[in-house]
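So this block is query-v8.cif, mmCIF, C-alpha atoms:
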data_input
#
loop_
_atom_site.label_atom_id
_atom_site.label_comp_id
_atom_site.auth_asym_id
_atom_site.auth_seq_id
_atom_site.Cartn_x
_atom_site.Cartn_y
_atom_site.Cartn_z
CA MET S 910 -19.43 -10.70 -62.16
CA ALA S 911 -17.19 -12.48 -59.68
CA GLY S 912 -15.39 -10.82 -56.79
CA ARG S 913 -11.89 -11.53 -55.57
CA ASN S 914 -13.06 -14.59 -53.66
CA GLY S 915 -14.78 -15.99 -56.74
CA ARG S 916 -18.29 -15.33 -55.47
CA THR S 917 -20.73 -13.62 -57.78
CA VAL S 918 -23.51 -11.22 -56.84
CA ARG S 919 -25.91 -14.09 -57.47
CA ASP S 920 -23.98 -16.27 -55.00
CA LEU S 921 -24.17 -13.52 -52.38
CA ARG S 922 -27.91 -13.07 -52.83
CA ARG S 923 -28.47 -16.81 -52.55
CA ALA S 924 -26.37 -16.97 -49.38
CA ASN S 925 -28.30 -14.04 -47.84
CA ARG S 926 -31.63 -15.67 -48.68
CA THR S 927 -30.41 -18.93 -47.19
CA VAL S 928 -29.35 -17.43 -43.87
CA VAL S 929 -32.61 -15.47 -43.47
CA LEU S 930 -34.74 -18.50 -44.33
CA GLN S 931 -32.86 -20.75 -41.94
CA ARG S 932 -33.02 -18.32 -39.03
CA LEU S 933 -36.75 -17.82 -39.47
CA TYR S 934 -37.23 -21.56 -39.90
CA PHE S 935 -35.46 -22.56 -36.70
CA ASP S 936 -35.91 -19.47 -34.51
CA GLY S 937 -38.94 -17.64 -35.96
CA PRO S 938 -41.16 -15.83 -35.96
CA LEU S 939 -38.81 -12.85 -35.87
CA SER S 940 -39.04 -9.20 -36.85
CA ARG S 941 -36.83 -7.56 -39.47
CA PHE S 942 -35.09 -5.76 -36.61
CA GLU S 943 -34.27 -9.08 -34.88
CA LEU S 944 -33.04 -10.68 -38.10
CA GLY S 945 -30.08 -8.30 -38.37
CA PRO S 946 -28.13 -9.48 -35.29
CA VAL S 947 -28.90 -13.19 -35.76
CA THR S 948 -27.94 -13.24 -39.45
CA GLY S 949 -25.07 -10.74 -39.41
CA LEU S 950 -26.67 -8.82 -42.28
CA SER S 951 -27.19 -5.06 -42.47
CA SER S 952 -30.69 -3.66 -42.05
CA GLY S 953 -30.72 -2.79 -45.76
CA SER S 954 -29.77 -6.32 -46.77
CA VAL S 955 -32.39 -7.80 -44.43
CA SER S 956 -35.05 -5.52 -45.91
CA ASN S 957 -34.14 -6.48 -49.48
CA VAL S 958 -33.97 -10.21 -48.77
CA VAL S 959 -37.25 -10.23 -46.83
CA SER S 960 -38.99 -8.33 -49.65
CA ASP S 961 -37.75 -10.92 -52.17
CA LEU S 962 -38.83 -13.86 -50.00
CA VAL S 963 -42.26 -12.34 -49.34
CA ALA S 964 -42.70 -11.71 -53.06
CA ASP S 965 -41.81 -15.38 -53.71
CA GLY S 966 -44.47 -16.47 -51.22
CA LEU S 967 -41.94 -18.06 -48.84
CA LEU S 968 -42.55 -15.73 -45.88
CA GLU S 969 -45.76 -14.51 -44.26
CA GLU S 970 -46.68 -12.21 -41.39
CA ALA S 971 -47.19 -13.78 -37.98
CA GLY S 972 -48.48 -10.93 -35.80
CA SER S 973 -46.50 -8.09 -34.27
CA VAL S 974 -44.64 -7.07 -31.13
CA ASP S 975 -44.29 -3.71 -29.44
CA SER S 976 -41.07 -1.78 -29.99
CA ASP S 977 -39.40 0.68 -27.66
CA GLY S 978 -41.59 3.71 -28.17
CA GLY S 979 -42.03 3.22 -31.92
CA ARG S 980 -44.42 1.43 -34.21
CA PRO S 981 -45.11 -2.27 -33.52
CA ARG S 982 -42.72 -4.55 -35.34
CA THR S 983 -44.18 -7.10 -37.74
CA LEU S 984 -43.16 -10.70 -37.10
CA LEU S 985 -42.29 -12.96 -40.01
CA ARG S 986 -42.30 -16.72 -40.39
CA VAL S 987 -41.80 -19.31 -43.12
CA ALA S 988 -45.07 -19.93 -44.97
CA PRO S 989 -45.94 -23.63 -44.44
CA GLY S 990 -47.73 -24.06 -47.75
CA SER S 991 -44.95 -22.59 -49.88
CA GLY S 992 -43.33 -25.96 -50.50
CA HIS S 993 -43.86 -29.68 -49.99
CA MET S 994 -41.56 -32.67 -49.54
CA ILE S 995 -42.04 -36.42 -49.44
CA GLY S 996 -40.04 -38.61 -47.08
CA VAL S 997 -39.77 -42.39 -47.59
CA ASP S 998 -38.43 -44.95 -45.13
CA VAL S 999 -37.57 -48.29 -46.73
CA GLY S 1000 -37.59 -50.08 -43.40
CA GLU S 1001 -37.29 -53.67 -42.30
CA THR S 1002 -40.99 -54.31 -41.71
CA ARG S 1003 -42.68 -51.71 -43.90
CA VAL S 1004 -42.22 -48.93 -46.43
CA ARG S 1005 -43.53 -45.68 -44.97
CA ILE S 1006 -44.26 -42.67 -47.20
CA GLU S 1007 -45.17 -39.26 -45.75
CA LEU S 1008 -46.00 -35.92 -47.35
CA PHE S 1009 -44.99 -32.78 -45.45
CA ASP S 1010 -45.41 -29.05 -45.89
CA LEU S 1011 -42.40 -26.75 -45.68
CA THR S 1012 -42.49 -26.70 -41.86
CA LEU S 1013 -42.51 -30.53 -41.77
CA THR S 1014 -46.11 -30.82 -40.67
CA GLU S 1015 -47.40 -34.17 -41.91
CA LEU S 1016 -50.20 -33.83 -44.49
CA ALA S 1017 -50.66 -37.46 -45.53
CA ARG S 1018 -49.06 -40.88 -45.08
CA ALA S 1019 -49.15 -44.33 -46.63
CA GLU S 1020 -47.65 -47.58 -45.36
CA ARG S 1021 -46.94 -50.82 -47.16
CA PRO S 1022 -46.05 -53.87 -45.03
CA LEU S 1023 -43.09 -55.99 -46.10
CA GLU S 1024 -43.56 -59.71 -45.73
CA HIS S 1025 -41.99 -62.74 -47.40
CA GLN S 1026 -40.51 -60.94 -50.42
CA ARG S 1027 -39.73 -57.90 -48.34
CA TYR S 1028 -36.65 -56.72 -50.23
CA GLU S 1029 -37.64 -57.74 -53.75
CA VAL S 1030 -36.53 -54.70 -55.74
CA GLU S 1031 -39.63 -54.47 -57.93
CA VAL S 1032 -41.86 -54.81 -54.85
CA ILE S 1033 -40.08 -51.95 -53.08
CA VAL S 1034 -40.18 -49.73 -56.17
CA GLY S 1035 -43.89 -50.47 -56.55
CA HIS S 1036 -44.58 -49.61 -52.91
CA ILE S 1037 -42.74 -46.29 -53.23
CA ARG S 1038 -44.45 -45.45 -56.52
CA ASP S 1039 -47.94 -46.24 -55.23
CA GLY S 1040 -47.31 -44.53 -51.89
CA ILE S 1041 -46.17 -41.28 -53.53
CA ALA S 1042 -49.27 -41.23 -55.73
CA GLU S 1043 -51.48 -41.98 -52.72
CA VAL S 1044 -50.21 -39.22 -50.43
CA LEU S 1045 -50.31 -36.61 -53.19
CA ALA S 1046 -53.90 -37.58 -54.04
CA THR S 1047 -54.94 -37.63 -50.37
CA ALA S 1048 -53.62 -34.11 -49.77
CA GLY S 1049 -54.63 -32.78 -53.17
CA ILE S 1050 -51.09 -31.59 -53.91
CA PRO S 1051 -49.97 -31.54 -57.57
CA PRO S 1052 -46.57 -33.20 -58.16
CA GLU S 1053 -45.15 -29.93 -59.51
CA ARG S 1054 -45.35 -28.45 -55.99
CA LEU S 1055 -42.82 -30.93 -54.62
CA LEU S 1056 -39.34 -29.73 -53.70
CA GLY S 1057 -38.17 -33.33 -53.88
CA VAL S 1058 -38.55 -36.89 -52.64
CA GLY S 1059 -36.14 -38.07 -49.93
CA ILE S 1060 -35.65 -41.81 -49.43
CA GLY S 1061 -33.84 -43.59 -46.59
CA VAL S 1062 -32.62 -47.10 -47.51
CA PRO S 1063 -30.50 -49.86 -45.94
CA GLY S 1064 -26.97 -50.12 -47.30
CA ILE S 1065 -24.34 -47.93 -48.90
CA VAL S 1066 -25.56 -45.34 -51.40
CA GLU S 1067 -23.30 -44.36 -54.30
CA HIS S 1068 -24.17 -41.30 -56.37
CA THR S 1069 -23.10 -41.82 -59.96
CA ALA S 1070 -23.21 -39.57 -63.02
CA ASP S 1071 -24.53 -42.25 -65.36
CA ARG S 1072 -26.97 -44.21 -63.16
CA GLY S 1073 -28.03 -41.77 -60.45
CA ALA S 1074 -28.21 -43.12 -56.87
CA VAL S 1075 -27.13 -46.77 -56.66
CA VAL S 1076 -27.78 -48.81 -53.50
CA HIS S 1077 -25.27 -51.45 -52.38
CA GLY S 1078 -27.36 -53.37 -49.84
CA GLN S 1079 -25.36 -56.50 -49.16
CA THR S 1080 -27.47 -57.56 -46.18
CA ILE S 1081 -30.73 -57.32 -48.14
CA GLY S 1082 -29.55 -58.80 -51.42
CA TRP S 1083 -29.27 -55.55 -53.36
CA PRO S 1084 -26.06 -55.70 -55.42
CA ALA S 1085 -25.71 -52.23 -56.99
CA VAL S 1086 -29.44 -51.53 -57.44
CA PRO S 1087 -29.97 -48.36 -59.54
CA LEU S 1088 -32.89 -47.25 -57.37
CA GLU S 1089 -33.12 -43.70 -58.70
CA ALA S 1090 -33.23 -44.89 -62.30
CA LEU S 1091 -35.91 -47.47 -61.49
CA LEU S 1092 -38.03 -44.85 -59.76
CA ARG S 1093 -37.62 -42.37 -62.62
CA ALA S 1094 -38.81 -45.04 -65.03
CA GLY S 1095 -41.83 -46.00 -62.97
CA ILE S 1096 -43.15 -42.83 -61.30
CA GLU S 1097 -44.79 -40.06 -63.25
CA LEU S 1098 -43.17 -37.10 -61.52
CA PRO S 1099 -41.87 -34.05 -63.38
CA GLU S 1100 -38.19 -34.22 -64.30
CA SER S 1101 -37.64 -31.09 -62.20
CA VAL S 1102 -38.57 -32.96 -58.99
CA PRO S 1103 -35.32 -34.41 -57.64
CA TYR S 1104 -34.77 -37.61 -55.68
CA PHE S 1105 -32.48 -37.61 -52.65
CA ILE S 1106 -31.56 -41.18 -51.72
CA ASP S 1107 -29.35 -41.93 -48.72
CA ASN S 1108 -28.69 -44.43 -45.96
CA GLY S 1109 -31.53 -44.70 -43.42
CA ALA S 1110 -29.20 -44.21 -40.46
CA LYS S 1111 -28.06 -40.93 -42.00
CA THR S 1112 -31.62 -39.68 -42.47
CA LEU S 1113 -32.37 -40.65 -38.85
CA GLY S 1114 -29.31 -38.69 -37.78
CA GLN S 1115 -30.36 -35.71 -39.90
CA ALA S 1116 -33.76 -35.62 -38.17
CA GLU S 1117 -32.36 -35.91 -34.65
CA MET S 1118 -29.75 -33.24 -35.28
CA TRP S 1119 -32.28 -30.76 -36.70
CA PHE S 1120 -35.25 -31.36 -34.42
CA GLY S 1121 -34.45 -34.00 -31.80
CA GLY S 1122 -31.90 -34.89 -29.17
CA GLY S 1123 -28.93 -33.78 -31.26
CA ARG S 1124 -29.82 -30.08 -31.47
CA GLY S 1125 -26.93 -27.93 -30.33
CA ALA S 1126 -24.34 -30.73 -30.46
CA HIS S 1127 -21.28 -30.28 -32.67
CA ASN S 1128 -20.14 -33.90 -32.45
CA ALA S 1129 -22.71 -36.68 -32.12
CA VAL S 1130 -23.49 -40.23 -33.16
CA VAL S 1131 -27.06 -41.30 -33.90
CA VAL S 1132 -27.60 -45.06 -33.83
CA LEU S 1133 -30.28 -46.86 -35.82
CA PHE S 1134 -31.20 -50.05 -33.92
CA GLY S 1135 -33.70 -52.15 -35.82
CA SER S 1136 -33.52 -55.55 -37.46
CA GLY S 1137 -29.89 -54.62 -38.05
CA VAL S 1138 -27.83 -51.76 -36.66
CA GLY S 1139 -26.22 -48.70 -38.25
CA ALA S 1140 -25.05 -45.25 -37.25
CA CYS S 1141 -24.69 -41.68 -38.47
CA LEU S 1142 -21.65 -39.66 -37.45
CA VAL S 1143 -21.96 -35.87 -37.25
CA THR S 1144 -18.83 -33.80 -36.65
CA ALA S 1145 -17.81 -30.19 -37.24
CA ASP S 1146 -16.36 -31.11 -40.64
CA VAL S 1147 -19.22 -33.46 -41.60
CA GLU S 1148 -22.11 -31.14 -40.81
CA HIS S 1149 -24.85 -33.14 -42.50
CA GLY S 1150 -23.64 -36.47 -41.16
CA ARG S 1151 -22.03 -39.53 -42.64
CA ALA S 1152 -23.44 -43.04 -42.49
CA VAL S 1153 -21.02 -45.56 -40.99
CA GLU S 1154 -21.52 -49.33 -41.32
CA TRP S 1155 -21.16 -49.75 -37.58
CA GLY S 1156 -23.20 -52.96 -37.57
CA HIS S 1157 -20.44 -54.72 -39.49
CA LEU S 1158 -17.72 -53.99 -36.99
CA THR S 1159 -16.20 -57.32 -35.92
CA VAL S 1160 -16.93 -57.93 -32.22
CA ARG S 1161 -16.12 -61.63 -32.07
CA VAL S 1162 -13.49 -63.41 -34.18
CA ARG S 1163 -14.98 -66.48 -35.90
CA GLY S 1164 -18.30 -65.60 -34.29
CA ARG S 1165 -21.88 -65.93 -35.52
CA ARG S 1166 -22.57 -65.63 -39.22
CA CYS S 1167 -23.95 -62.17 -40.04
CA ARG S 1168 -26.54 -61.70 -42.76
CA CYS S 1169 -23.83 -59.82 -44.72
CA GLY S 1170 -21.95 -63.14 -44.91
CA ALA S 1171 -19.05 -62.29 -42.57
CA LEU S 1172 -18.42 -63.80 -39.14
CA GLY S 1173 -18.70 -62.01 -35.82
CA CYS S 1174 -20.31 -58.69 -36.86
CA LEU S 1175 -21.98 -56.58 -34.19
CA GLU S 1176 -25.24 -56.94 -36.14
CA ALA S 1177 -25.07 -60.72 -35.73
CA TYR S 1178 -25.41 -60.21 -31.96
CA ALA S 1179 -27.13 -56.87 -31.43
CA GLY S 1180 -29.66 -56.55 -34.28
CA ALA S 1181 -33.27 -57.42 -33.44
CA GLU S 1182 -33.28 -60.25 -36.00
CA SER S 1183 -30.28 -61.96 -34.40
CA LEU S 1184 -31.51 -61.17 -30.88
CA LEU S 1185 -34.73 -63.10 -31.56
CA GLN S 1186 -32.80 -65.94 -33.21
CA ARG S 1187 -30.56 -66.27 -30.16
CA TRP S 1188 -33.61 -66.31 -27.85
CA SER S 1189 -35.10 -69.16 -29.90
CA GLU S 1190 -31.80 -71.08 -29.97
CA ALA S 1191 -31.50 -70.75 -26.19
CA GLY S 1192 -34.94 -72.32 -25.67
CA GLY S 1193 -37.17 -69.25 -25.86
CA GLN S 1194 -40.54 -69.35 -27.58
CA PRO S 1195 -41.13 -66.40 -29.94
CA PRO S 1196 -44.74 -66.25 -31.16
CA GLN S 1197 -45.16 -68.39 -34.27
CA GLY S 1198 -45.65 -66.43 -37.47
CA ALA S 1199 -45.21 -63.04 -35.77
CA ASP S 1200 -43.25 -60.21 -37.34
CA GLU S 1201 -40.09 -58.96 -35.62
CA GLU S 1202 -41.77 -56.07 -33.82
CA THR S 1203 -44.45 -58.33 -32.33
CA ALA S 1204 -41.88 -60.99 -31.40
CA LEU S 1205 -39.63 -58.44 -29.69
CA THR S 1206 -42.62 -57.13 -27.72
CA ALA S 1207 -43.30 -60.70 -26.54
CA MET S 1208 -39.64 -61.16 -25.56
CA LEU S 1209 -39.65 -57.97 -23.51
CA ALA S 1210 -42.88 -58.99 -21.80
CA ALA S 1211 -41.32 -62.35 -20.94
CA ALA S 1212 -38.12 -60.82 -19.56
CA TYR S 1213 -39.74 -57.92 -17.71
CA PRO S 1214 -43.25 -58.86 -16.46
CA VAL S 1215 -45.35 -55.77 -15.70
CA ASP S 1216 -46.52 -55.24 -12.10
CA GLY S 1217 -45.42 -58.69 -11.00
CA ALA S 1218 -47.64 -60.49 -13.51
CA GLY S 1219 -45.71 -63.77 -13.51
CA THR S 1220 -42.01 -64.48 -13.15
CA ALA S 1221 -39.32 -63.26 -15.49
CA ASP S 1222 -38.18 -65.64 -18.21
CA PRO S 1223 -34.50 -66.17 -17.33
CA VAL S 1224 -33.64 -67.15 -20.92
CA ALA S 1225 -35.12 -63.97 -22.42
CA LEU S 1226 -33.53 -61.87 -19.69
CA ALA S 1227 -30.08 -63.43 -20.23
CA VAL S 1228 -30.21 -62.89 -24.01
CA LEU S 1229 -31.29 -59.27 -23.57
CA GLU S 1230 -28.51 -58.64 -21.06
CA GLU S 1231 -25.96 -60.16 -23.43
CA THR S 1232 -27.31 -57.99 -26.25
CA ALA S 1233 -26.98 -54.90 -24.03
CA GLU S 1234 -23.34 -55.80 -23.44
CA TYR S 1235 -22.64 -56.20 -27.15
CA LEU S 1236 -24.35 -52.89 -27.88
CA GLY S 1237 -22.41 -51.21 -25.08
CA ALA S 1238 -19.14 -52.61 -26.40
CA GLY S 1239 -20.05 -51.39 -29.88
CA LEU S 1240 -20.82 -47.93 -28.52
CA SER S 1241 -17.47 -47.89 -26.73
CA ASP S 1242 -15.74 -48.18 -30.12
CA LEU S 1243 -17.68 -45.13 -31.33
CA ILE S 1244 -16.72 -43.29 -28.14
CA ASN S 1245 -13.03 -44.14 -28.45
CA LEU S 1246 -12.84 -43.40 -32.18
CA PHE S 1247 -14.91 -40.22 -32.44
CA GLN S 1248 -15.24 -38.87 -28.87
CA PRO S 1249 -18.82 -37.60 -29.41
CA GLU S 1250 -20.68 -35.28 -27.06
CA ARG S 1251 -23.84 -37.34 -27.45
CA ILE S 1252 -24.95 -40.75 -28.60
CA LEU S 1253 -28.63 -41.10 -29.46
CA ILE S 1254 -30.28 -44.49 -29.95
CA GLY S 1255 -33.24 -44.66 -32.32
CA GLY S 1256 -34.90 -47.13 -34.66
CA TRP S 1257 -37.98 -49.21 -33.89
CA ALA S 1258 -36.10 -51.79 -31.78
CA GLY S 1259 -34.13 -49.17 -29.87
CA LEU S 1260 -37.33 -47.29 -29.04
CA GLN S 1261 -39.15 -50.48 -28.10
CA LEU S 1262 -36.39 -51.58 -25.74
CA GLY S 1263 -36.42 -48.04 -24.44
CA ALA S 1264 -35.44 -46.77 -21.04
CA ARG S 1265 -35.52 -50.25 -19.45
CA PHE S 1266 -32.63 -51.35 -21.66
CA LEU S 1267 -30.65 -48.11 -21.65
CA PRO S 1268 -29.00 -48.20 -18.17
CA SER S 1269 -27.40 -51.55 -18.94
CA VAL S 1270 -26.16 -50.34 -22.34
CA ARG S 1271 -24.69 -47.20 -20.73
CA ARG S 1272 -22.94 -49.24 -18.05
CA HIS S 1273 -21.27 -51.54 -20.57
CA ALA S 1274 -20.32 -48.66 -22.89
CA THR S 1275 -18.57 -46.90 -20.01
CA ALA S 1276 -16.83 -50.09 -18.89
CA TYR S 1277 -15.39 -50.83 -22.35
CA ALA S 1278 -14.49 -47.25 -23.35
CA LEU S 1279 -11.50 -45.12 -22.42
CA ARG S 1280 -12.26 -43.19 -19.25
CA HIS S 1281 -11.72 -39.63 -20.53
CA PRO S 1282 -14.05 -39.69 -23.58
CA ALA S 1283 -16.56 -41.86 -21.69
CA GLU S 1284 -16.88 -39.20 -19.00
CA LYS S 1285 -17.77 -36.57 -21.59
CA VAL S 1286 -20.47 -38.42 -23.57
CA THR S 1287 -24.17 -38.81 -22.83
CA VAL S 1288 -26.09 -41.84 -24.13
CA GLU S 1289 -29.82 -41.24 -24.56
CA LEU S 1290 -32.78 -42.38 -26.62
CA GLY S 1291 -33.72 -40.42 -29.73
CA ARG S 1292 -36.66 -38.07 -29.28
CA LEU S 1293 -38.49 -38.22 -32.59
CA GLY S 1294 -40.15 -41.62 -32.39
CA PRO S 1295 -40.77 -44.16 -35.16
CA ASP S 1296 -41.18 -41.53 -37.91
CA ALA S 1297 -37.67 -40.13 -37.50
CA VAL S 1298 -36.20 -41.82 -40.62
CA THR S 1299 -39.08 -40.52 -42.75
CA VAL S 1300 -38.74 -37.00 -41.34
CA GLY S 1301 -34.99 -37.13 -41.96
CA ALA S 1302 -35.56 -38.27 -45.53
CA ALA S 1303 -37.86 -35.28 -46.12
CA ILE S 1304 -35.16 -33.00 -44.69
CA LEU S 1305 -32.86 -33.94 -47.60
CA PRO S 1306 -34.85 -31.97 -50.22
CA LEU S 1307 -35.55 -29.27 -47.63
CA ALA S 1308 -31.84 -28.77 -46.95
CA ASP S 1309 -31.20 -28.59 -50.69
CA PHE S 1310 -33.98 -25.99 -51.01
CA PHE S 1311 -32.35 -23.88 -48.30
CA SER S 1312 -28.94 -24.18 -49.94
CA ARG S 1313 -30.49 -22.74 -53.12
CA GLY S 1314 -31.75 -19.73 -51.20
CA GLY S 1315 -35.34 -20.94 -51.35
CA ARG S 1316 -35.40 -21.43 -55.09
CA ARG S 1317 -36.73 -24.59 -56.68
CA PRO S 1318 -34.40 -26.88 -58.62
CA GLU S 1319 -33.99 -25.79 -62.20
CA PRO S 1320 -35.16 -28.20 -64.92
CA GLU S 1321 -32.46 -30.22 -66.63
CA PRO S 1322 -31.24 -28.67 -69.88
CA GLU S 1323 -32.80 -30.07 -73.01
CA GLY S 1324 -30.86 -32.76 -74.74
CA PRO S 1325 -30.72 -36.53 -75.10
CA ALA S 1326 -31.70 -38.44 -71.95
CA PRO S 1327 -29.01 -40.58 -70.29
CA ALA S 1328 -28.81 -44.07 -71.73
CA TRP S 1329 -29.90 -45.74 -68.48
CA ARG S 1330 -33.04 -43.61 -68.32
CA THR S 1331 -34.01 -44.29 -71.96
CA ALA S 1332 -33.57 -48.04 -71.51
CA LEU S 1333 -35.57 -48.16 -68.30
CA GLN S 1334 -38.36 -46.03 -69.69
CA GLU S 1335 -38.68 -48.42 -72.62
CA ARG S 1336 -39.04 -51.31 -70.15
CA ALA S 1337 -41.45 -49.51 -67.81
CA PRO S 1338 -45.12 -50.63 -67.84
CA HIS S 1339 -47.50 -48.23 -69.57
#
Spit out the file's structure as structure tokens when you get a sec.
Amino acid sequence: MAGRNGRTVRDLRRANRTVVLQRLYFDGPLSRFELGPVTGLSSGSVSNVVSDLVADGLLEEAGSVDSDGGRPRTLLRVAPGSGHMIGVDVGETRVRIELFDLTLTELARAERPLEHQRYEVEVIVGHIRDGIAEVLATAGIPPERLLGVGIGVPGIVEHTADRGAVVHGQTIGWPAVPLEALLRAGIELPESVPYFIDNGAKTLGQAEMWFGGGRGAHNAVVVLFGSGVGACLVTADVEHGRAVEWGHLTVRVRGRRCRCGALGCLEAYAGAESLLQRWSEAGGQPPQGADEETALTAMLAAAYPVDGAGTADPVALAVLEETAEYLGAGLSDLINLFQPERILIGGWAGLQLGARFLPSVRRHATAYALRHPAEKVTVELGRLGPDAVTVGAAILPLADFFSRGGRRPEPEPEGPAPAWRTALQERAPH
């Protein structure tokens, strides 16, 4: 039965379960007495919700605290083993797959390096399929226990009714790849286990906002600085973040050719791939045959010798300084457009360049931005390290689980499978 606002009793119960779960997840352990003020629920509602969640195995006791003259109060927390999620990062140098319990403690991981055919669709799908099977087997977790599989990918993700999640990855040669359908056809997971596929910068932003440098901010930008560059915008009206193709902002008219095909994109100057290309073109000597992470390490060592071990390579130093200016100018556009409280820089290249690079980026961002918003923003490194995209991907099914009040996704109703799924299953290897 629906009330005047259209909400049913079932909706109300789900909302109450959600708020209790979230408060215990982020602020627990807490007693039933403490849950009332932080959730806004009556003591009776708290008692009913907690009883339901305990009966479902989602909450467990975590000791007790003394009360004012009465019986000790039992503390409650979210039970770590009551659910599991997989996070996948389809990165630029590897595919990383991690299995987590409900409190995002890592239980198992698998990595697959990406080399010459690094973005071949079938190769990526195979890596994800094998990695999921590997982490489940390592931890001894049956697939039915999964709340979902979250996947962070490069490019724009479109969610369609007939083909599931479709990835438009222009820079990696993925023209409308039906990734969800391909995975469904190739991975033996129960139909009730959902996939959550989104842009990698958004999953990075999700992780930093929940557990990293973005906690407490209402308006932030989280930058993914790797082989290319991207960003996630979080505002009061876009709570879970929105991926923005910041790397394809034009910073130089008729400039360098970007891997997307356009001229003068920020990514053509500030991405690690282009940074190393410009070092080579200017006379630098990247290690032959090295991957981008190793080559960038060598460039940093050349530009900034440790403890006076040799002289700085002026070519490497000049290219890095120019890159810092381009990044700073790009950040100034984010500052002027969105006026964020915080900007966090993550991604493997951003973390590798680290604090040595950051003062120069800050200086240029301030110089190019309008004074008022520039005075109000802080620019820092992300705090979650190289696993942040994977953690953020695992948060996608976790957030969905919370929104359902801690109930697992319901199986799809019986009926004919979508045409795309039938066709792909017929093509899938047996």
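Atom pair atom CA of S:Ser960 / atom CA of S:Asp1010 has a distance of 22.0 Å (rounded to one decimal).
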| said: I'd like the contact shell of S:Ala1116 - 8 Å cut-off, all atoms listed in the file, skipping same-chain residues fewer than 3 positions apart - returned as a PyMOL selection string. | reply: chain S and resi 1112-1113+1119-1121+1293+1297-1298+1300-1301+1304
Let's have the selection written as an mmCIF file, in the frame of the given file, with C-alpha atoms.
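Once written, out.cif looks like this:
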data_model
loop_
_atom_site.group_PDB
_atom_site.id
_atom_site.type_symbol
_atom_site.label_atom_id
_atom_site.label_comp_id
_atom_site.auth_asym_id
_atom_site.auth_seq_id
_atom_site.Cartn_x
_atom_site.Cartn_y
_atom_site.Cartn_z
ATOM 1 C CA THR S 1112 -31.620 -39.680 -42.470
ATOM 2 C CA LEU S 1113 -32.370 -40.650 -38.850
ATOM 3 C CA TRP S 1119 -32.280 -30.760 -36.700
ATOM 4 C CA PHE S 1120 -35.250 -31.360 -34.420
ATOM 5 C CA GLY S 1121 -34.450 -34.000 -31.800
ATOM 6 C CA LEU S 1293 -38.490 -38.220 -32.590
ATOM 7 C CA ALA S 1297 -37.670 -40.130 -37.500
ATOM 8 C CA VAL S 1298 -36.200 -41.820 -40.620
ATOM 9 C CA VAL S 1300 -38.740 -37.000 -41.340
ATOM 10 C CA GLY S 1301 -34.990 -37.130 -41.960
ATOM 11 C CA ILE S 1304 -35.160 -33.000 -44.690
#
| query | atom CA of S:Ser1136 to atom CA of S:Arg1166: how many Å, to one decimal? | reply |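 Here the two named atoms are 15.0 Å from each other.
Distances here use all atoms listed in the file; by that measure, the residue among S:His1157, S:Arg932, S:Arg982, S:His1127 closest to S:Gly1064 is S:His1157.
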| message | Please enumerate the residues selected by the PyMOL selection byres ((chain S and resi 1192) around 12) when evaluated against the supplied file, formatted as an NGL selection string. | response | :S and (1185-1191 or 1193-1195 or 1222-1225 or 1227-1228)
List the residues selected by the PyMOL selection byres ((chain S and resi 1095-1100) around 7) in the file shown, writing them as a compact mmCIF listing (two decimals) with C-alpha atoms, keeping the file's coordinate frame.
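Saved result, out-v5.txt, follows:
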# COMPACT_ATOMS: atom_id res chain seq x y z
CA ARG S 1038 -44.45 -45.45 -56.52
CA PRO S 1052 -46.57 -33.20 -58.16
CA GLU S 1053 -45.15 -29.93 -59.51
CA LEU S 1091 -35.91 -47.47 -61.49
CA LEU S 1092 -38.03 -44.85 -59.76
CA ARG S 1093 -37.62 -42.37 -62.62
CA ALA S 1094 -38.81 -45.04 -65.03
CA SER S 1101 -37.64 -31.09 -62.20
CA VAL S 1102 -38.57 -32.96 -58.99
CA PRO S 1320 -35.16 -28.20 -64.92
CA ALA S 1337 -41.45 -49.51 -67.81
| For S:Arg923, which residue out of S:Ser1312, S:Gly949, S:Asp965, S:Val1030 is the nearest one, using all atoms listed in the file? | S:Ser1312
Applying the PyMOL selection byres ((chain S and resi 1211) around 8) to the file I just gave you, which residues come out? Please list them as a short mmCIF file (atom, residue, chain, number, x, y, z; two decimals) with C-alpha atoms, in the coordinates of the input.
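Output saved as out02.cif:
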data_model
loop_
_atom_site.label_atom_id
_atom_site.label_comp_id
_atom_site.auth_asym_id
_atom_site.auth_seq_id
_atom_site.Cartn_x
_atom_site.Cartn_y
_atom_site.Cartn_z
CA ALA S 1207 -43.30 -60.70 -26.54
CA MET S 1208 -39.64 -61.16 -25.56
CA LEU S 1209 -39.65 -57.97 -23.51
CA ALA S 1210 -42.88 -58.99 -21.80
CA ALA S 1212 -38.12 -60.82 -19.56
CA TYR S 1213 -39.74 -57.92 -17.71
CA PRO S 1214 -43.25 -58.86 -16.46
CA ALA S 1221 -39.32 -63.26 -15.49
CA ASP S 1222 -38.18 -65.64 -18.21
CA ALA S 1225 -35.12 -63.97 -22.42
CA LEU S 1226 -33.53 -61.87 -19.69
#
| Residues at most 9 Å from S:Ala1177, counting all atoms listed in the file, excluding those fewer than 4 positions away in the same chain, as a ChimeraX atom specification? | /S:1137,1156-1157,1164-1168,1172-1173,1182-1184
